[in-house]
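First up is the structure itself, then whatever we jot down about it.
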Amino acid sequence: VIGKTNIYTLAMNKVLIADASESDRRLMSGLLTRAGYEPIDVGSMEAAKEEVAKLPLGAVIVADYKLPDGSAKELVNWQKGEGFSFPVIAIVNNQNGPDLLDVMKGGGAVDVIQRAGMDKQLVETVSKYAKPENIVLQLGNSLIPRSSKSFREIEQSIERVAATNANCIIFGESGMGKEQIARQIYLQSSRTQKPLIVLEAGGAALIGKHDPTSDRSEMYNRIEGYFQEAKGGTLVIKNIQLLTFEKQSVLLHILEQEHPDVRIICTANTSLLKMVADETFRDNLFFILRQTSITVPPLREMTEDIPAISDYFLTLYARQRQLPKKHLDASAIKALKLHPWPGNIRELKDKILHIAFLVAEDVITATDIKFEYAMPDTVEELTHRNPKAVKERIIKAFLRAGTWRGAAKLLGISERHLIQLRKRHGINRNGETET
């Protein structure tokens, strides 16, 4: 047992979180824990420096651009002076300001994540830099084989969209493999011999600043450059809902005025539809991008696929480690199906890989499966907090879990107490506020 524990400690890549917001640190810690990492969170530069000195090889640092007593850029420079080389990912509030350019240049932060898109970008960005990748498996272009009716409909939709040149938006929650679907559309299309460019709407690739010697901004030139690079092929823009209004305007201008020979496939969550209704996302751009669409249901609505997906990951794990393949028994499958999977297939992948690493036997049972829940509000906190904030937290938990039982687990309270809170705050069974 001691040996297994030591191995597991080495396998879990540590992630140091340095952020002034306690609630955001808690959110990030929960996301990373579910993904199989071991987070350490601090709220100041001085505390971060103390923890950096203790980090093992393979660790990653996620730091707020502006801490009370320093910045991510200063942390990078301090590391260099002290002989440390842990990759630093900067958290930014706005991706258009000069501060962002400063934190990235001159060997600064290796990447950035937008605070507004933290739940979408954090785990994926950290996985790029966490080394050694002794458990993390990166998925390729292929779709994970499944047999549910919903998945067969998705495969049929991919074929129909691929046969056209229509722009497409793929809707779905984070972690459902939307990028793999986008790549499959490209691979099955007539554009497969031309370039495929993949961009993150909230990532560093679209950062720009105004060039006083040019009548167009650096952002415009950069976005236009991606269209030129993808000429005749396909441009995939991930998490399109994270585009700032300025970037939306640039993209719309290029599409309307320059008519590039590029098909655009976007991924988005359903908040994009609300943004269009609220006029925070340009409706004319939305309709150009959504000439057709594919909606991917969350894993909690396709639980019949969980055994096949789990088996797929167990097969990959066995091949990578050159070990006999492990199998799930009926109790393990039942336990997996009961979990709400707020992180969807990505969360399932990480859970299966860590279970496979820990379990010495060939058969995995329900007793081998333990879940961490990331919203540790206590009963007292939910009782005495601002009523509006409590109502929003309850509804958010329900939307993430998909069931009230799952919401109670996420909130760390009993299902009975949650029912009482729902009645007190006028929330119906569908997670809507009653008038």
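If you're wondering about the labels, chains in the structure tokens are A, B, ... by order shown, residues count from 1 in each chain, ligands from 1 in order shown.
For Ser29 in chain A, the set of protein, DNA and RNA residues having any atom at most 8 Å away, when counting only C-alpha atoms and skipping those fewer than 3 positions along the same chain, is Ile17, Arg25, Arg26, Leu32, Thr33, Pro39, Ile40, Asp41 and Ala374 of chain A.
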Excluding same-chain residues fewer than 6 positions from Lys388 in chain A, what lies within 12 Å of it counting only C-alpha atoms, as number ranges by chain?
-> A: 382, 394-395, 424-427, 433
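The residues of range 24-131 of chain A that DSSP assigns to strand (DSSP E) on this backbone come out as Glu38, Pro39, Ile40, Asp41, Val42, Val60, Ile61, Val62, Ala63, Asp64, Lys66, Leu67, Gly70, Ser71, Val88, Ile89, Ala90, Ile91, Val92, Asp111, Val112, Ile113 and Gln114 of chain A.
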Nearest to Asp19 in chain A among A:Leu314, A:Leu67, A:Ala53, A:Leu251, with distances taken over only C-alpha atoms: which residue is it?
-> A:Leu67
Surrounding residues of Val15 in chain A excluding itself and chain neighbours under 2 positions, 12 Å, only C-alpha atoms, as a ChimeraX atom specification | /A:12-13,17-18,25,28-33,35-42,48,51-52,54-63,86-89,122-123,125-127,129-131
DSSP says alpha helix (DSSP H) for which residues of range 276-341 of chain A? Put them as a PyMOL selection string?
-> chain A and resi 276-277+283-289+306-321+330-338
Save the residues we just selected, N, CA and C atoms, as a tab-separated table (two decimals), in the first residue's frame?
```tsv
chain	number	residue	atom	x	y	z
A	276	VAL	N	-26.41	36.03	-28.03
A	276	VAL	CA	-27.03	36.61	-29.22
A	276	VAL	C	-28.31	37.34	-28.83
A	277	ALA	N	-29.12	36.72	-27.97
A	277	ALA	CA	-30.37	37.34	-27.52
A	277	ALA	C	-30.10	38.62	-26.73
A	283	ASP	N	-25.48	39.27	-33.91
A	283	ASP	CA	-26.36	38.29	-34.53
A	283	ASP	C	-26.03	38.07	-35.99
A	284	ASN	N	-25.55	39.12	-36.70
A	284	ASN	CA	-25.20	38.91	-38.11
A	284	ASN	C	-24.01	37.98	-38.26
A	285	LEU	N	-23.04	38.07	-37.34
A	285	LEU	CA	-21.92	37.13	-37.36
A	285	LEU	C	-22.40	35.72	-37.00
A	286	PHE	N	-23.28	35.64	-36.00
A	286	PHE	CA	-23.79	34.34	-35.57
A	286	PHE	C	-24.44	33.59	-36.73
A	287	PHE	N	-25.26	34.28	-37.52
A	287	PHE	CA	-25.97	33.60	-38.59
A	287	PHE	C	-25.05	33.22	-39.75
A	288	ILE	N	-23.97	33.97	-39.93
A	288	ILE	CA	-22.97	33.57	-40.94
A	288	ILE	C	-22.25	32.30	-40.50
A	289	LEU	N	-21.94	32.24	-39.20
A	289	LEU	CA	-21.21	31.08	-38.68
A	289	LEU	C	-22.11	29.85	-38.54
A	306	ILE	N	-21.37	5.09	-21.51
A	306	ILE	CA	-20.28	5.09	-20.53
A	306	ILE	C	-19.46	3.80	-20.55
A	307	PRO	N	-20.07	2.60	-20.62
A	307	PRO	CA	-19.25	1.39	-20.66
A	307	PRO	C	-18.31	1.34	-21.87
A	308	ALA	N	-18.81	1.72	-23.04
A	308	ALA	CA	-17.97	1.67	-24.24
A	308	ALA	C	-16.85	2.70	-24.18
A	309	ILE	N	-17.16	3.91	-23.70
A	309	ILE	CA	-16.13	4.95	-23.59
A	309	ILE	C	-15.07	4.54	-22.57
A	310	SER	N	-15.50	4.01	-21.44
A	310	SER	CA	-14.56	3.57	-20.40
A	310	SER	C	-13.66	2.46	-20.92
A	311	ASP	N	-14.24	1.51	-21.63
A	311	ASP	CA	-13.46	0.41	-22.20
A	311	ASP	C	-12.42	0.93	-23.19
A	312	TYR	N	-12.80	1.94	-23.95
A	312	TYR	CA	-11.88	2.55	-24.92
A	312	TYR	C	-10.66	3.14	-24.19
A	313	PHE	N	-10.90	3.85	-23.08
A	313	PHE	CA	-9.79	4.45	-22.34
A	313	PHE	C	-8.95	3.38	-21.64
A	314	LEU	N	-9.58	2.34	-21.16
A	314	LEU	CA	-8.82	1.25	-20.55
A	314	LEU	C	-7.92	0.56	-21.56
A	315	THR	N	-8.40	0.45	-22.79
A	315	THR	CA	-7.59	-0.14	-23.87
A	315	THR	C	-6.38	0.74	-24.16
A	316	LEU	N	-6.60	2.06	-24.27
A	316	LEU	CA	-5.50	2.99	-24.53
A	316	LEU	C	-4.47	2.94	-23.40
A	317	TYR	N	-4.96	2.89	-22.17
A	317	TYR	CA	-4.06	2.85	-21.02
A	317	TYR	C	-3.20	1.60	-21.05
A	318	ALA	N	-3.82	0.46	-21.33
A	318	ALA	CA	-3.08	-0.81	-21.36
A	318	ALA	C	-2.01	-0.79	-22.45
A	319	ARG	N	-2.35	-0.22	-23.60
A	319	ARG	CA	-1.38	-0.14	-24.69
A	319	ARG	C	-0.21	0.76	-24.33
A	320	GLN	N	-0.52	1.89	-23.72
A	320	GLN	CA	0.54	2.83	-23.37
A	320	GLN	C	1.48	2.24	-22.34
A	321	ARG	N	0.92	1.54	-21.35
A	321	ARG	CA	1.73	0.97	-20.28
A	321	ARG	C	2.23	-0.44	-20.57
A	330	ALA	N	-20.06	-5.00	-13.18
A	330	ALA	CA	-21.39	-4.38	-13.23
A	330	ALA	C	-21.54	-3.29	-12.18
A	331	SER	N	-20.97	-3.51	-10.99
A	331	SER	CA	-21.10	-2.50	-9.92
A	331	SER	C	-20.37	-1.22	-10.29
A	332	ALA	N	-19.22	-1.35	-10.93
A	332	ALA	CA	-18.45	-0.16	-11.34
A	332	ALA	C	-19.20	0.62	-12.42
A	333	ILE	N	-19.77	-0.09	-13.37
A	333	ILE	CA	-20.53	0.58	-14.43
A	333	ILE	C	-21.72	1.32	-13.85
A	334	LYS	N	-22.40	0.70	-12.88
A	334	LYS	CA	-23.55	1.34	-12.23
A	334	LYS	C	-23.11	2.62	-11.52
A	335	ALA	N	-21.98	2.55	-10.80
A	335	ALA	CA	-21.47	3.73	-10.08
A	335	ALA	C	-21.13	4.85	-11.06
A	336	LEU	N	-20.53	4.50	-12.17
A	336	LEU	CA	-20.18	5.52	-13.17
A	336	LEU	C	-21.42	6.15	-13.78
A	337	LYS	N	-22.45	5.36	-14.00
A	337	LYS	CA	-23.68	5.89	-14.60
A	337	LYS	C	-24.43	6.81	-13.65
A	338	LEU	N	-24.26	6.64	-12.35
A	338	LEU	CA	-24.97	7.47	-11.38
A	338	LEU	C	-24.31	8.83	-11.17
```
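The space separating CA of Asp362 in chain A from CA of Leu299 in chain A comes to 25.8 Å.
Distances to Arg422 in chain A were evaluated for A:Met302, A:Ala407, A:Val363, A:Leu255 using only C-alpha atoms, and the minimum falls at A:Ala407.
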For Leu418 in chain A, please output as a PyMOL selection string all residues within 9 Å (counting only C-alpha atoms; exclusion window: fewer than 4 positions along the same chain).
-> chain A and resi 394+404-405+407-408+411+413-414+422-423
Identify, on the basis of only C-alpha atoms, every residue whose closest approach to range 232-249 of chain A does not exceed 7 Å; exclude the query and any residue fewer than 3 positions from it along the same chain; express the result as a ChimeraX atom specification.
-> /A:117,186,191,194-202,252-253,261-268,272,281
Tell me, in Å to one decimal, how far CA of Asn141 in chain A is from CA of Ile355 in chain A.
-> 24.7 Å
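Comparing A:Glu229, A:Glu279, A:Glu124, A:Glu173 by their smallest distance to Gly203 in chain A, the closest is A:Glu124 (using only C-alpha atoms).
Considering only C-alpha atoms, the residue among A:Gln156, A:Gln184, A:Ser174, A:Ser44 positioned nearest to Ile144 in chain A is A:Gln184.
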Just how far from CA of Glu256 in chain A is CA of Lys274 in chain A, in Å to one decimal?
-> 23.6 Å
